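Enquirer: Compact mmCIF, C-alpha atoms, saved as model18.txt, coming up:
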```txt
# COMPACT_ATOMS: atom_id res chain seq x y z
CA MET A 1 69.44 76.21 70.88
CA ALA A 2 66.39 74.96 68.99
CA ILE A 3 68.16 72.23 67.04
CA MET A 4 69.54 70.56 70.15
CA ALA A 5 66.20 70.71 71.97
CA VAL A 6 64.30 69.27 69.00
CA ALA A 7 66.93 66.56 68.45
CA LEU A 8 66.90 65.53 72.13
CA LEU A 9 63.10 65.44 72.22
CA LEU A 10 63.05 63.30 69.08
CA ALA A 11 65.75 61.02 70.54
CA ALA A 12 63.72 60.56 73.74
CA TRP A 13 60.58 59.83 71.72
CA ALA A 14 62.43 57.37 69.49
CA PHE A 15 63.97 55.55 72.46
CA ALA A 16 60.51 55.28 74.05
CA LEU A 17 59.30 53.68 70.80
CA VAL A 18 62.29 51.29 70.86
CA LEU A 19 61.35 50.24 74.40
CA ALA A 20 57.74 49.78 73.24
CA ASN A 21 59.07 47.48 70.49
CA ARG A 22 57.69 49.61 67.64
CA PRO A 23 59.02 49.82 64.07
CA PRO A 24 59.78 53.32 62.73
CA GLY A 25 56.55 55.14 61.88
CA VAL A 26 55.46 58.17 59.88
CA PRO A 27 55.09 60.55 62.89
CA LEU A 28 58.72 59.97 63.91
CA LEU A 29 59.81 60.48 60.32
CA ALA A 30 57.86 63.75 60.22
CA GLY A 31 59.66 64.84 63.38
CA GLY A 32 62.92 64.01 61.66
CA ALA A 33 61.86 66.18 58.71
CA VAL A 34 61.36 69.13 61.06
CA LEU A 35 64.86 68.58 62.46
CA GLU A 36 66.26 68.32 58.94
CA ALA A 37 64.66 71.64 57.99
CA LEU A 38 66.32 73.26 61.01
CA LEU A 39 69.66 71.68 60.06
CA ILE A 40 69.43 73.00 56.50
CA GLY A 41 68.87 76.44 58.01
CA PHE A 42 71.91 75.82 60.24
CA LEU A 43 74.00 74.90 57.18
CA ILE A 44 72.95 78.00 55.23
CA GLY A 45 73.43 80.23 58.26
CA GLY A 46 76.85 78.70 58.98
CA LEU A 47 78.08 79.15 55.42
CA THR A 48 76.83 82.73 55.32
CA GLN A 49 78.49 83.49 58.65
CA MET A 50 81.73 81.92 57.44
CA ALA A 51 81.73 83.89 54.19
CA GLY A 52 81.32 87.12 56.17
CA SER A 53 84.18 86.36 58.56
CA HIS A 54 87.89 87.05 58.08
CA ARG A 55 88.89 85.22 61.22
CA GLU A 56 91.31 82.27 61.19
CA PHE A 57 89.55 79.02 61.94
CA ALA A 58 89.37 75.52 60.47
CA ARG A 59 87.09 76.36 57.56
CA ALA A 60 87.27 72.99 55.78
CA GLU A 61 86.43 71.19 59.01
CA PHE A 62 83.59 73.61 59.68
CA VAL A 63 82.01 72.94 56.30
CA MET A 64 82.49 69.17 56.70
CA TYR A 65 80.68 69.15 60.05
CA LEU A 66 77.83 71.27 58.67
CA LEU A 67 77.43 68.96 55.67
CA ALA A 68 77.54 65.88 57.93
CA CYS A 69 74.80 67.41 60.11
CA VAL A 70 72.54 67.72 57.08
CA ALA A 71 73.45 64.29 55.66
CA ILE A 72 72.98 62.13 58.77
CA PRO A 73 69.18 62.30 59.39
CA PRO A 74 68.11 61.37 55.82
CA ALA A 75 70.71 58.57 55.68
CA ALA A 76 69.52 57.21 59.03
CA ALA A 77 65.89 57.48 57.94
CA ALA A 78 66.54 55.55 54.73
CA TRP A 79 68.55 52.85 56.49
CA GLY A 80 66.24 52.57 59.52
CA TRP A 81 62.99 52.63 57.55
CA GLU A 82 63.91 49.44 55.66
CA GLU A 83 64.03 47.48 58.90
CA ARG A 84 60.45 46.95 60.05
CA SER A 85 61.36 46.23 63.65
CA ARG A 86 62.44 48.26 66.66
CA ALA A 87 66.03 48.12 65.37
CA GLY A 88 64.94 50.49 62.60
CA THR A 89 63.60 52.89 65.23
CA ALA A 90 66.87 52.54 67.16
CA VAL A 91 68.82 53.70 64.10
CA LEU A 92 66.73 56.90 64.06
CA ALA A 93 67.12 57.31 67.82
CA LEU A 94 70.90 57.16 67.50
CA ALA A 95 70.91 59.66 64.65
CA PHE A 96 68.83 62.10 66.73
CA LEU A 97 71.01 61.55 69.79
CA ILE A 98 74.26 62.47 68.03
CA MET A 99 72.90 65.67 66.47
CA PRO A 100 73.53 67.79 69.61
CA VAL A 101 77.12 66.50 69.64
CA MET A 102 77.50 67.46 65.99
CA VAL A 103 76.09 70.94 66.63
CA ILE A 104 78.47 71.43 69.56
CA ARG A 105 81.41 70.37 67.34
CA VAL A 106 80.34 72.91 64.70
CA GLN A 107 80.29 75.61 67.38
CA GLN A 108 83.68 74.53 68.74
CA VAL A 109 85.26 74.64 65.28
CA TRP A 110 83.70 78.06 64.73
CA ALA A 111 85.05 79.31 68.07
CA GLY A 112 88.61 78.32 67.26
CA PRO A 113 91.17 75.56 67.66
CA VAL A 114 90.42 72.79 70.14
CA GLY A 115 92.64 69.95 71.29
CA MET B 1 54.21 42.66 63.67
CA ALA B 2 57.11 42.56 66.07
CA GLU B 3 59.95 40.70 64.47
CA THR B 4 63.41 40.60 65.97
CA GLY B 5 66.83 40.11 64.45
CA ASP B 6 67.01 36.65 65.96
CA ARG B 7 64.26 35.43 63.71
CA ALA B 8 65.32 37.30 60.58
CA PRO B 9 65.86 35.02 57.59
CA ALA B 10 69.37 33.89 56.59
CA ARG B 11 70.92 35.35 59.75
CA SER B 12 71.98 38.38 57.75
CA THR B 13 74.48 40.70 59.40
CA SER B 14 72.36 43.74 58.46
CA ARG B 15 69.05 42.71 60.08
CA GLY B 16 67.83 43.33 63.60
CA PHE B 17 70.62 44.51 65.89
CA GLY B 18 72.87 44.45 62.80
CA ARG B 19 70.83 47.37 61.47
CA VAL B 20 72.03 49.48 64.40
CA LEU B 21 75.58 48.13 64.21
CA VAL B 22 75.86 49.03 60.51
CA ALA B 23 74.53 52.51 61.32
CA VAL B 24 77.23 53.00 63.95
CA TYR B 25 79.90 51.70 61.58
CA GLY B 26 78.54 54.02 58.90
CA LEU B 27 78.80 56.95 61.28
CA PHE B 28 82.44 56.14 61.99
CA ALA B 29 83.11 55.64 58.27
CA LEU B 30 81.73 59.15 57.73
CA ALA B 31 83.62 60.66 60.66
CA ALA B 32 86.95 59.03 59.77
CA THR B 33 86.63 59.83 56.06
CA ALA B 34 85.70 63.47 56.62
CA ARG B 35 88.41 63.91 59.24
CA SER B 36 91.19 62.39 57.13
CA ALA B 37 90.05 64.25 54.00
CA VAL B 38 90.35 67.56 55.87
CA GLN B 39 93.70 66.59 57.40
CA ILE B 40 95.27 65.46 54.12
CA ALA B 41 93.86 68.38 52.13
CA THR B 42 94.85 71.15 54.54
CA LYS B 43 97.86 70.10 56.64
CA PHE B 44 99.32 66.82 55.41
CA HIS B 45 102.95 68.02 55.91
CA GLU B 46 102.40 68.55 59.65
CA ALA B 47 102.11 64.85 60.53
CA PRO B 48 102.12 62.62 57.43
CA LEU B 49 102.18 59.34 59.39
CA ALA B 50 99.24 60.23 61.63
CA TYR B 51 97.19 61.47 58.68
CA LEU B 52 97.94 58.40 56.58
CA LEU B 53 96.81 56.27 59.54
CA SER B 54 93.71 58.43 59.71
CA ALA B 55 92.98 57.69 56.04
CA PHE B 56 93.70 54.00 56.60
CA ALA B 57 91.21 53.95 59.48
CA ALA B 58 88.65 55.56 57.20
CA VAL B 59 89.12 52.84 54.57
CA VAL B 60 88.77 50.13 57.23
CA TYR B 61 85.50 51.62 58.50
CA VAL B 62 84.09 52.02 54.99
CA VAL B 63 84.93 48.40 54.11
CA ALA B 64 83.49 47.12 57.42
CA THR B 65 80.29 49.15 56.93
CA VAL B 66 79.68 48.01 53.36
CA SER B 67 80.49 44.35 54.03
CA LEU B 68 78.31 44.19 57.17
CA ALA B 69 75.48 45.87 55.25
CA ARG B 70 75.75 43.34 52.40
CA GLY B 71 76.03 40.30 54.64
CA ASP B 72 76.54 37.54 52.05
CA ALA B 73 79.17 34.82 52.55
CA ALA B 74 82.01 36.70 50.84
CA SER B 75 81.10 39.94 52.63
CA ARG B 76 81.20 38.16 55.98
CA ARG B 77 84.80 37.14 55.32
CA VAL B 78 85.70 40.67 54.24
CA ALA B 79 83.96 42.06 57.33
CA THR B 80 85.85 39.67 59.62
CA VAL B 81 89.19 40.73 58.15
CA ALA B 82 88.31 44.44 58.22
CA ILE B 83 87.07 44.35 61.81
CA SER B 84 90.13 42.36 62.92
CA ILE B 85 92.32 45.05 61.35
CA GLU B 86 90.17 47.67 63.08
CA LEU B 87 90.76 45.97 66.44
CA ALA B 88 94.51 45.75 65.85
CA GLY B 89 94.52 49.35 64.61
CA VAL B 90 92.71 50.91 67.55
CA ILE B 91 94.95 49.07 70.03
CA THR B 92 98.21 49.79 68.15
CA VAL B 93 97.45 53.43 67.36
CA GLY B 94 95.95 53.90 70.82
CA ALA B 95 99.14 52.63 72.48
CA ALA B 96 101.44 54.50 70.05
CA SER B 97 99.61 57.77 70.61
CA GLU B 98 100.09 57.39 74.36
CA LEU B 99 103.81 56.55 74.06
CA PHE B 100 104.77 58.95 71.24
CA SER B 101 102.25 61.74 71.64
CA THR B 102 104.30 64.21 69.56
CA ALA B 103 103.83 62.03 66.45
CA PHE B 104 100.05 62.44 66.83
CA PRO B 105 99.52 66.19 67.18
CA ASP B 106 95.99 65.93 65.81
CA ALA B 107 93.56 63.21 66.78
CA THR B 108 92.72 60.30 64.51
CA VAL B 109 89.64 58.26 65.40
CA TRP B 110 91.96 55.71 67.03
CA THR B 111 94.13 58.15 69.02
CA GLY B 112 94.00 57.48 72.76
CA PHE B 113 91.99 54.28 72.05
CA GLY B 114 89.21 56.41 70.58
CA SER B 115 88.90 58.67 73.64
CA GLY B 116 87.75 61.56 71.43
CA TYR B 117 84.73 59.45 70.46
CA GLY B 118 83.73 58.15 73.88
CA PHE B 119 85.91 55.05 73.43
CA VAL B 120 83.31 53.68 71.01
CA PRO B 121 86.13 52.86 68.50
CA LEU B 122 87.63 50.51 71.11
CA VAL B 123 84.34 48.73 71.86
CA LEU B 124 83.03 48.59 68.29
CA PRO B 125 85.37 45.88 66.88
CA PHE B 126 84.55 43.54 69.77
CA VAL B 127 80.84 44.02 69.12
CA GLY B 128 81.41 43.57 65.38
CA LEU B 129 83.29 40.29 65.78
CA TRP B 130 80.72 39.05 68.32
CA TRP B 131 77.90 39.88 65.88
CA LEU B 132 79.63 38.04 63.02
CA ARG B 133 79.90 34.94 65.24
CA HIS B 134 76.38 35.33 66.56
CA THR B 135 74.80 35.46 63.08
CA ARG B 136 76.87 32.63 61.65
```
I'd like the structure from this file rewritten - as structure tokens, please.
Expert:
Amino acid sequence: MAIMAVALLLAAWAFALVLANRPPGVPLLAGGAVLEALLIGFLIGGLTQMAGSHREFARAEFVMYLLACVAIPPAAAAWGWEERSRAGTAVLALAFLIMPVMVIRVQQVWAGPVG
Amino acid sequence: MAETGDRAPARSTSRGFGRVLVAVYGLFALAATARSAVQIATKFHEAPLAYLLSAFAAVVYVVATVSLARGDAASRRVATVAISIELAGVITVGAASELFSTAFPDATVWTGFGSGYGFVPLVLPFVGLWWLRHTR
């Protein structure tokens, strides 16, 4: 889905910047803002979907994962931006890289119990 | 200007590579806190011991994250203690969850030596202690 593709593209871009020894810049941050907009849509869509469902699934966990998805990129941006070296860029790269994992976890919780 | 953590002033634990390390610790603080909050709020009676350990792990990660991020002399001591507890915890809970799997019906971050999180919880305390030594 779109979120995973965007997140992986941003992660690849950020890792390339880390290898090029660049501090976090505005273009990368703008890319992160696009991802964040998609994640907010994901949160709203997920909550709407949950409200309309009578199925048994781990609702509290579902909401937690959705909220974490939305919280991680801004937190990483704030923390990474302060460091004007490639380590700051690496923080953003990591945040982008884990977003597909987070989205998959949301989908797994939605689908039902997992081990 | 390409500055690296090695040349950062005061050898702070939150500069350079430490920036990334704190971010990873922060991620685990978030994961462990959210996980234990859900467990305790929705199904505490199912496995009280495992869920209390889960909450304990969350506290350890939060303390380690904050103290590594602060990086002053007192925080370094707090971080050393917290990360040592983390190391003991992941090994103890990891071993216990292998031996007595019925007591751990639902994963904590330390279950199976952190296998649910790509074994990062097992590696992280070693990196944390190394970083504290390295920046001393």
Enquirer: Using only C-alpha atoms, which of the listed residues (A:Pro23, A:Gly45, A:Gly31, A:Pro100) sits closest to chain B?
Expert: A:Pro23
Enquirer: From the options B:Gln39, B:Ser101, B:Thr111, B:Ser12, which residue's atoms come nearest to chain A, counting all atoms listed in the file?
Expert: B:Gln39
Enquirer: Hey, can you check how far atom CA of B:Gly94 sits from atom CA of B:Leu49?
Expert: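 Separation of atom CA of B:Gly94 and atom CA of B:Leu49: 14.1 Å.
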Enquirer: Which residue gives the smallest distance to chain A among B:Tyr117, B:Tyr51, B:Tyr61, B:Phe44, with only C-alpha atoms counted?
Expert: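 The shortest atom-to-atom distance to chain A comes from B:Tyr117.
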Enquirer: Of the candidates A:Gly80, A:Gly112, A:Pro74, A:Pro27, which shows the shortest atom-to-atom distance to chain B, using only C-alpha atoms?
Expert: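 Comparing A:Gly80, A:Gly112, A:Pro74, A:Pro27 against chain B, the winner is A:Gly80.
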Enquirer: For atom CA of B:Pro121 and atom CA of B:Val20, determine how far apart the two atoms are, in Å to one decimal place.
Expert: 15.1 Å
Enquirer: I'd like the contact shell of stretch 73-76 of chain B - 10 Å cut-off, all atoms listed in the file, skipping same-chain residues fewer than 6 positions apart - returned as a PyMOL selection string.
Expert: chain B and resi 12-13+63-64+66-67+82+132-133+135-136
Enquirer: Could you tell me which of A:Arg22, A:Arg59, A:His54, A:Arg86 comes closest to B:Thr42 if we count all atoms listed in the file?
Expert: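 Nearest candidate to B:Thr42 out of A:Arg22, A:Arg59, A:His54, A:Arg86: A:Arg59.
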Enquirer: Compute the set of chain A residues within 8 Å of chain B, using all atoms listed in the file, and express it as a list in words.
Expert: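 Every residue meeting the condition is included here: Asn21, Arg22, Pro23, Ala60, Glu61, Met64, Ala68, Ala76, Trp79, Gly80, Glu83, Arg84, Ser85, Arg86, Ala87, Gly88, Ala90, Val91 and Gly115 of chain A.
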Enquirer: Using all atoms listed in the file, which of the listed residues (B:Ala96, B:Trp130, B:Tyr25, B:Lys43) sits closest to B:Gly112?
Expert: B:Ala96
Enquirer: Name the residues in contact with A:Leu43 at a cut-off of 9 Å, using only C-alpha atoms, excluding same-chain residues fewer than 6 positions from it; report them as a list in words.
Expert: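 Contacts, in chain order: Val63, Leu66, Leu67, Cys69 and Val70 of chain A.
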Enquirer: Box in all listed atoms of stretch 17-27 of chain A, axis-aligned, with 8 Å more on each side; write out centre and edge lengths in Å to one decimal as lines of an AutoDock Vina configuration file.
Expert:
```
center_x = 58.7
center_y = 54.0
center_z = 67.1
size_x = 23.2
size_y = 29.1
size_z = 30.5
```
Enquirer: Which value, in Å to one decimal, gives the distance between atom CA of B:Val93 and atom CA of B:Leu53?
Expert: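 Answer for the atom CA of B:Val93 to atom CA of B:Leu53 separation: 8.3 Å.
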Enquirer: Take stretch 21-44 of chain B, model N, CA and C atoms, and hand the result over as a PDB file, in the coordinates of the input.
Expert:
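Output contents, as saved in selection38.pdb:
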```pdb
ATOM      1  N   LEU B  21      74.119  48.251  64.286  1.00  0.00           N
ATOM      2  CA  LEU B  21      75.580  48.130  64.210  1.00  0.00           C
ATOM      3  C   LEU B  21      76.109  48.744  62.911  1.00  0.00           C
ATOM      4  N   VAL B  22      75.436  48.452  61.798  1.00  0.00           N
ATOM      5  CA  VAL B  22      75.860  49.030  60.510  1.00  0.00           C
ATOM      6  C   VAL B  22      75.745  50.545  60.553  1.00  0.00           C
ATOM      7  N   ALA B  23      74.691  51.047  61.210  1.00  0.00           N
ATOM      8  CA  ALA B  23      74.530  52.510  61.320  1.00  0.00           C
ATOM      9  C   ALA B  23      75.694  53.125  62.091  1.00  0.00           C
ATOM     10  N   VAL B  24      76.105  52.470  63.170  1.00  0.00           N
ATOM     11  CA  VAL B  24      77.230  53.000  63.950  1.00  0.00           C
ATOM     12  C   VAL B  24      78.517  52.921  63.139  1.00  0.00           C
ATOM     13  N   TYR B  25      78.726  51.803  62.451  1.00  0.00           N
ATOM     14  CA  TYR B  25      79.900  51.700  61.580  1.00  0.00           C
ATOM     15  C   TYR B  25      79.863  52.773  60.492  1.00  0.00           C
ATOM     16  N   GLY B  26      78.681  53.003  59.938  1.00  0.00           N
ATOM     17  CA  GLY B  26      78.540  54.020  58.900  1.00  0.00           C
ATOM     18  C   GLY B  26      78.900  55.401  59.425  1.00  0.00           C
ATOM     19  N   LEU B  27      78.490  55.661  60.654  1.00  0.00           N
ATOM     20  CA  LEU B  27      78.800  56.950  61.280  1.00  0.00           C
ATOM     21  C   LEU B  27      80.312  57.121  61.421  1.00  0.00           C
ATOM     22  N   PHE B  28      80.987  56.047  61.838  1.00  0.00           N
ATOM     23  CA  PHE B  28      82.440  56.140  61.990  1.00  0.00           C
ATOM     24  C   PHE B  28      83.137  56.196  60.625  1.00  0.00           C
ATOM     25  N   ALA B  29      82.556  55.527  59.625  1.00  0.00           N
ATOM     26  CA  ALA B  29      83.110  55.640  58.270  1.00  0.00           C
ATOM     27  C   ALA B  29      83.040  57.096  57.826  1.00  0.00           C
ATOM     28  N   LEU B  30      81.910  57.741  58.093  1.00  0.00           N
ATOM     29  CA  LEU B  30      81.730  59.150  57.730  1.00  0.00           C
ATOM     30  C   LEU B  30      82.706  60.037  58.512  1.00  0.00           C
ATOM     31  N   ALA B  31      82.766  59.819  59.822  1.00  0.00           N
ATOM     32  CA  ALA B  31      83.620  60.660  60.660  1.00  0.00           C
ATOM     33  C   ALA B  31      85.091  60.524  60.270  1.00  0.00           C
ATOM     34  N   ALA B  32      85.538  59.268  60.095  1.00  0.00           N
ATOM     35  CA  ALA B  32      86.950  59.030  59.770  1.00  0.00           C
ATOM     36  C   ALA B  32      87.295  59.550  58.388  1.00  0.00           C
ATOM     37  N   THR B  33      86.372  59.371  57.431  1.00  0.00           N
ATOM     38  CA  THR B  33      86.630  59.830  56.060  1.00  0.00           C
ATOM     39  C   THR B  33      86.700  61.352  56.013  1.00  0.00           C
ATOM     40  N   ALA B  34      85.719  62.008  56.641  1.00  0.00           N
ATOM     41  CA  ALA B  34      85.700  63.470  56.620  1.00  0.00           C
ATOM     42  C   ALA B  34      86.940  64.027  57.314  1.00  0.00           C
ATOM     43  N   ARG B  35      87.263  63.441  58.467  1.00  0.00           N
ATOM     44  CA  ARG B  35      88.410  63.910  59.240  1.00  0.00           C
ATOM     45  C   ARG B  35      89.702  63.771  58.438  1.00  0.00           C
ATOM     46  N   SER B  36      89.932  62.591  57.843  1.00  0.00           N
ATOM     47  CA  SER B  36      91.190  62.390  57.130  1.00  0.00           C
ATOM     48  C   SER B  36      91.229  63.220  55.845  1.00  0.00           C
ATOM     49  N   ALA B  37      90.076  63.413  55.213  1.00  0.00           N
ATOM     50  CA  ALA B  37      90.050  64.250  54.000  1.00  0.00           C
ATOM     51  C   ALA B  37      90.492  65.671  54.342  1.00  0.00           C
ATOM     52  N   VAL B  38      89.971  66.215  55.448  1.00  0.00           N
ATOM     53  CA  VAL B  38      90.350  67.560  55.870  1.00  0.00           C
ATOM     54  C   VAL B  38      91.835  67.612  56.219  1.00  0.00           C
ATOM     55  N   GLN B  39      92.304  66.607  56.969  1.00  0.00           N
ATOM     56  CA  GLN B  39      93.700  66.590  57.400  1.00  0.00           C
ATOM     57  C   GLN B  39      94.648  66.541  56.208  1.00  0.00           C
ATOM     58  N   ILE B  40      94.358  65.640  55.259  1.00  0.00           N
ATOM     59  CA  ILE B  40      95.270  65.460  54.120  1.00  0.00           C
ATOM     60  C   ILE B  40      95.197  66.669  53.190  1.00  0.00           C
ATOM     61  N   ALA B  41      94.008  67.247  53.044  1.00  0.00           N
ATOM     62  CA  ALA B  41      93.860  68.380  52.130  1.00  0.00           C
ATOM     63  C   ALA B  41      94.487  69.655  52.688  1.00  0.00           C
ATOM     64  N   THR B  42      94.450  69.837  54.012  1.00  0.00           N
ATOM     65  CA  THR B  42      94.850  71.150  54.540  1.00  0.00           C
ATOM     66  C   THR B  42      96.174  71.177  55.289  1.00  0.00           C
ATOM     67  N   LYS B  43      96.653  70.018  55.814  1.00  0.00           N
ATOM     68  CA  LYS B  43      97.860  70.100  56.640  1.00  0.00           C
ATOM     69  C   LYS B  43      98.638  68.790  56.653  1.00  0.00           C
ATOM     70  N   PHE B  44      98.688  68.135  55.492  1.00  0.00           N
ATOM     71  CA  PHE B  44      99.320  66.820  55.410  1.00  0.00           C
ATOM     72  C   PHE B  44     100.768  66.852  55.898  1.00  0.00           C
TER      73      PHE B  44
END
```
